[in-house]
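Text of the file protein.txt, holding compact mmCIF, C-alpha atoms and all ligand atoms:
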# COMPACT_ATOMS: atom_id res chain seq x y z
CA MET A 27 107.93 106.69 120.25
CA ILE A 28 111.05 104.88 119.14
CA SER A 29 114.15 106.85 118.05
CA LYS A 30 115.09 107.08 114.37
CA THR A 31 118.43 105.35 115.06
CA MET A 32 116.70 102.43 116.76
CA GLU A 33 114.03 102.29 114.05
CA ASN A 34 116.66 102.09 111.29
CA ALA A 35 118.60 99.41 113.15
CA LEU A 36 115.47 97.29 113.69
CA ASN A 37 114.48 97.64 110.04
CA LYS A 38 117.95 96.42 109.09
CA GLN A 39 117.45 93.42 111.39
CA ILE A 40 114.09 92.59 109.76
CA ASN A 41 116.05 92.37 106.50
CA GLU A 42 118.74 90.17 108.12
CA GLU A 43 116.06 87.78 109.40
CA LEU A 44 114.25 87.67 106.05
CA PHE A 45 117.56 86.99 104.31
CA SER A 46 118.13 84.16 106.80
CA ALA A 47 114.73 82.72 105.84
CA TYR A 48 115.67 83.00 102.15
CA LEU A 49 119.06 81.35 102.73
CA TYR A 50 117.50 78.40 104.57
CA LEU A 51 114.86 78.01 101.88
CA SER A 52 117.70 77.78 99.34
CA MET A 53 119.42 75.17 101.51
CA ALA A 54 116.12 73.23 101.76
CA ALA A 55 115.96 73.07 97.96
CA TYR A 56 119.59 71.90 97.78
CA PHE A 57 118.88 69.06 100.24
CA GLU A 58 115.79 68.01 98.31
CA GLU A 59 117.86 67.96 95.09
CA ILE A 60 120.41 65.57 96.61
CA GLY A 61 117.68 63.29 98.01
CA LEU A 62 117.80 64.25 101.69
CA LYS A 63 114.19 65.13 102.46
CA GLY A 64 114.70 65.06 106.23
CA PHE A 65 117.46 67.67 106.02
CA SER A 66 115.23 69.64 103.67
CA ASN A 67 112.43 69.50 106.23
CA TRP A 68 114.79 70.79 108.94
CA MET A 69 115.70 73.75 106.74
CA ARG A 70 112.04 74.45 105.89
CA VAL A 71 111.31 74.63 109.63
CA GLN A 72 114.30 76.97 109.97
CA TYR A 73 112.80 79.13 107.22
CA GLU A 74 109.57 79.39 109.24
CA GLU A 75 111.53 80.26 112.39
CA GLU A 76 113.36 83.07 110.61
CA THR A 77 110.15 84.44 109.17
CA PHE A 78 108.79 84.47 112.71
CA HIS A 79 111.92 86.30 113.95
CA ALA A 80 111.40 88.96 111.27
CA MET A 81 107.69 89.34 112.00
CA LYS A 82 108.27 89.64 115.73
CA ILE A 83 110.48 92.71 115.10
CA TYR A 84 108.02 94.01 112.48
CA ASP A 85 105.15 93.87 115.00
CA TYR A 86 107.29 95.32 117.78
CA LEU A 87 108.36 98.26 115.62
CA LEU A 88 104.74 99.03 114.73
CA SER A 89 103.69 98.74 118.38
CA ARG A 90 106.29 101.42 119.27
CA GLY A 91 104.98 103.82 116.62
CA GLY A 92 107.90 103.14 114.28
CA LYS A 93 107.81 102.82 110.52
CA VAL A 94 108.48 99.44 108.93
CA VAL A 95 110.67 99.94 105.85
CA LEU A 96 111.25 96.73 103.92
CA GLN A 97 114.50 96.55 101.97
CA ALA A 98 115.61 94.34 99.08
CA ILE A 99 116.58 90.82 100.12
CA LYS A 100 119.88 89.74 98.60
CA GLU A 101 120.17 86.55 96.59
CA PRO A 102 121.23 83.56 98.70
CA GLN A 103 123.86 80.99 97.77
CA LYS A 104 122.33 78.02 95.91
CA ASN A 105 124.99 75.31 95.82
CA TRP A 106 127.10 73.62 98.47
CA GLU A 107 129.69 70.84 98.53
CA SER A 108 128.03 68.54 101.06
CA PRO A 109 125.61 68.47 104.04
CA LEU A 110 128.57 69.32 106.30
CA ASP A 111 129.41 72.30 104.10
CA VAL A 112 125.78 73.50 104.46
CA PHE A 113 125.80 73.25 108.25
CA LYS A 114 129.18 74.95 108.57
CA ALA A 115 127.73 77.81 106.47
CA THR A 116 124.62 77.80 108.68
CA LEU A 117 126.67 78.10 111.86
CA LYS A 118 128.76 80.90 110.35
CA HIS A 119 125.60 82.73 109.36
CA GLU A 120 124.08 82.34 112.83
CA GLN A 121 127.29 83.67 114.41
CA HIS A 122 126.85 86.72 112.18
CA ILE A 123 123.21 87.09 113.36
CA THR A 124 124.32 86.80 116.99
CA LYS A 125 126.70 89.70 116.37
CA CYS A 126 123.86 91.70 114.78
CA ILE A 127 121.70 91.14 117.89
CA ASN A 128 124.56 92.13 120.19
CA ASP A 129 125.09 95.30 118.13
CA LEU A 130 121.36 96.09 118.38
CA ILE A 131 121.55 95.75 122.15
CA ASP A 132 124.48 98.17 122.21
CA ILE A 133 122.38 100.66 120.22
CA ALA A 134 119.40 100.20 122.59
CA GLU A 135 121.71 100.93 125.52
CA LYS A 136 123.14 104.05 123.87
CA GLU A 137 119.64 105.26 123.05
CA HIS A 138 118.51 104.54 126.65
CA ASP A 139 115.72 102.45 125.09
CA ARG A 140 114.88 100.01 127.91
CA ALA A 141 111.84 98.59 126.09
CA THR A 142 113.88 97.56 123.05
CA PHE A 143 116.68 96.34 125.30
CA ASN A 144 114.17 94.04 127.04
CA PHE A 145 112.56 92.99 123.75
CA LEU A 146 115.93 91.86 122.39
CA GLN A 147 116.65 89.52 125.30
CA TRP A 148 114.41 86.90 123.65
CA TYR A 149 116.73 86.97 120.61
CA ILE A 150 119.80 86.46 122.79
CA ASP A 151 118.34 83.19 124.12
CA GLU A 152 117.19 82.19 120.66
CA GLN A 153 120.71 82.66 119.22
CA VAL A 154 122.25 80.45 121.92
CA GLU A 155 119.81 77.72 120.92
CA GLU A 156 120.34 78.19 117.19
CA GLU A 157 124.13 77.99 117.39
CA ALA A 158 123.90 74.92 119.67
CA ASN A 159 121.56 73.14 117.21
CA ASP A 160 123.95 73.77 114.32
CA GLU A 161 126.99 72.66 116.33
CA GLU A 162 125.22 69.41 117.30
CA ILE A 163 124.41 68.57 113.67
CA ILE A 164 127.98 69.46 112.59
CA ARG A 165 129.36 67.06 115.23
CA LYS A 166 127.09 64.28 113.96
CA LEU A 167 128.03 64.91 110.32
CA GLU A 168 131.74 64.85 111.21
CA LEU A 169 131.24 61.45 112.86
CA ILE A 170 129.18 60.16 109.90
CA LYS A 171 131.86 61.15 107.32
CA ASP A 172 131.07 59.05 104.20
CA ASN A 173 128.77 56.49 105.80
CA PRO A 174 125.49 56.57 103.80
CA ASN A 175 123.55 54.44 106.30
CA ALA A 176 124.36 56.81 109.14
CA LEU A 177 123.51 59.79 106.92
CA PHE A 178 120.08 58.33 106.14
CA MET A 179 119.50 57.72 109.86
CA LEU A 180 120.23 61.38 110.56
CA ASP A 181 117.99 62.33 107.63
CA ARG A 182 115.15 60.38 109.28
CA GLU A 183 115.80 62.15 112.58
CA LEU A 184 115.72 65.59 110.98
CA ALA A 185 112.48 64.71 109.17
CA SER A 186 110.65 64.83 112.51
CA ARG A 187 111.37 68.50 113.23
CA VAL A 188 108.25 70.66 113.33
CA PHE A 189 107.78 74.39 113.67
CA ASN A 190 106.33 75.31 117.04
CA LYS A 191 105.29 78.90 116.87
CA PRO A 192 106.42 80.59 120.11
CA THR A 193 103.70 82.47 121.94
CA LEU A 194 103.94 86.21 121.38
CA LYS A 195 103.97 88.52 124.36
FE1 LIG B 1 116.84 84.60 113.35
FE2 LIG B 1 118.58 82.21 112.98
O1 LIG B 1 118.43 83.92 113.61
Once you've parsed the file, please lay out its structure as structure tokens.
Ligand code: FEO
Amino acid sequence: MISKTMENALNKQINEELFSAYLYLSMAAYFEEIGLKGFSNWMRVQYEEETFHAMKIYDYLLSRGGKVVLQAIKEPQKNWESPLDVFKATLKHEQHITKCINDLIDIAEKEHDRATFNFLQWYIDEQVEEEANDEEIIRKLELIKDNPNALFMLDRELASRVFNKPTLK
């Protein structure tokens, strides 16, 4: 049986992940509005990834005999200045999520909850990858500056991203 402290902290993280999904869905709509369907596709895939992150915790909590308590998801931002502005906001958000995961690991250690500590290692690796992906796109957008041809080339590249559901343990 999982402790109440750990249960509350994991429920909070489910909400963080669902908010992430909501934020990226909002960003996908913004990109579609400004005619960048490839960027929009990338964000839709990100939305699916975040939903998966939330559901992985949801299933884990249930498997440990915990109670899933869903909380209200706050309203995401809906307008940005530019694609670069979006990706800077994305990186900042992922840095926040990385901190949330690190805090959860601290709680698991304090609670002597080895199972949750092990479970969270997957998220540590995932956050390294997420921040690296955002940083790579930011670097490209900074090189592109105001060059529409280069922006459309990147849009085509981002159109090829697909969601590969990781296998659940
Ligand atoms: Fe689920 Fe992007 O962190």
Please return as a list of chain:residue names the residues found within 6 Å of ligand LIG 1 (chain B), counting all atoms listed in the file.
A:Glu43, A:Glu76, A:His79, A:Glu120, A:Ile123
Which value, in Å to one decimal, gives the distance between atom CA of A:Glu161 and atom CA of A:Phe113?
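Spanning atom CA of A:Glu161 to atom CA of A:Phe113 is a straight-line distance of 8.2 Å.
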Give me, as a PyMOL selection string, all polymer residues having an atom no more than 12 Å from A:Ala35, counting all atoms listed in the file and skipping those fewer than 2 positions away in the same chain.
chain A and resi 28-33+37-42+83-84+87+92-95+126-134+137+142
Select, from A:Tyr56, A:Lys82, A:Phe178, A:Lys118, the residue with the minimum atom-to-atom distance to A:Arg70, counting all atoms listed in the file.
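Closest candidate: A:Tyr56.
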Test item: which residues lie within 8 Å of (126.6, 77.9, 110.2) counting only C-alpha atoms, as a list in words:
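Collected hits near the coordinates: Val112, Phe113, Lys114, Ala115, Thr116, Leu117, Lys118, His119, Glu120, Gln121, Glu157 and Asp160 of chain A.
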Considering only C-alpha atoms, can you say which of A:Asp111, A:His122, A:Leu146, A:Ala80 comes closest to A:Leu96?
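Checking each of A:Asp111, A:His122, A:Leu146, A:Ala80 against A:Leu96, counting only C-alpha atoms, the winner is A:Ala80.
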Shell of 9 Å around A:Val71, all atoms listed in the file, local chain residues under 6 positions omitted, as a list in words:
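With the cut-off at 9 Å, the set is Tyr50, Arg187, Val188, Phe189 and Asn190 of chain A.
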Keeping C-alpha atoms for every residue in the selection just given, could you write it to a file as a PDB file, in the coordinates of the input?
ATOM      1  CA  TYR A  50     117.500  78.400 104.570  1.00  0.00           C
ATOM      2  CA  ARG A 187     111.370  68.500 113.230  1.00  0.00           C
ATOM      3  CA  VAL A 188     108.250  70.660 113.330  1.00  0.00           C
ATOM      4  CA  PHE A 189     107.780  74.390 113.670  1.00  0.00           C
ATOM      5  CA  ASN A 190     106.330  75.310 117.040  1.00  0.00           C
TER       6      ASN A 190
END
Under the rule that only C-alpha atoms are counted, which of A:Gln72, A:Asn67, A:Ser108, A:Gln97 is the nearest residue to A:Leu177?
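Closest to A:Leu177, using only C-alpha atoms: A:Ser108.
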Go ahead and find all residues with at least one atom no further than 10 Å from (116.6, 77.1, 101.8) in the file's coordinates, using all atoms listed in the file; report them as a ChimeraX atom specification.
/A:46-58,66-73,102-104
Could you jot down the atom CA of A:Lys63 to atom CA of A:Met179 separation for me, Å, one decimal place?
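Calculated distance between atom CA of A:Lys63 and atom CA of A:Met179 is 11.7 Å.
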Separation of atom CA of A:Ile60 and atom CA of A:Pro109, in Å?
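Separation of atom CA of A:Ile60 and atom CA of A:Pro109: 9.5 Å.
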Using all atoms listed in the file, which of the listed residues (A:Leu88, A:Leu110, A:Ile150, A:Leu184) sits closest to A:Leu169?
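Of the candidates, the smallest distance to A:Leu169 is held by A:Leu110.
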Could you check which of A:Lys100, A:Lys191, A:Ala158, A:Trp148 is closest to A:Phe78, using all atoms listed in the file?
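Closest candidate: A:Lys191.
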Around all the atoms of stretch 108-125 of chain A listed in the file, with 5 Å of room on each side, what axis-aligned box do you get, giving centre and edge lengths in Å to one decimal, as JSON?
{"center_x": 126.3, "center_y": 79.1, "center_z": 109.0, "size_x": 16.2, "size_y": 31.2, "size_z": 25.9}
So which one's closest to A:Glu74, A:Leu44, A:Gly61, A:Leu180, A:Gly91? Using all atoms listed in the file, please.
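Closest candidate: A:Leu44.
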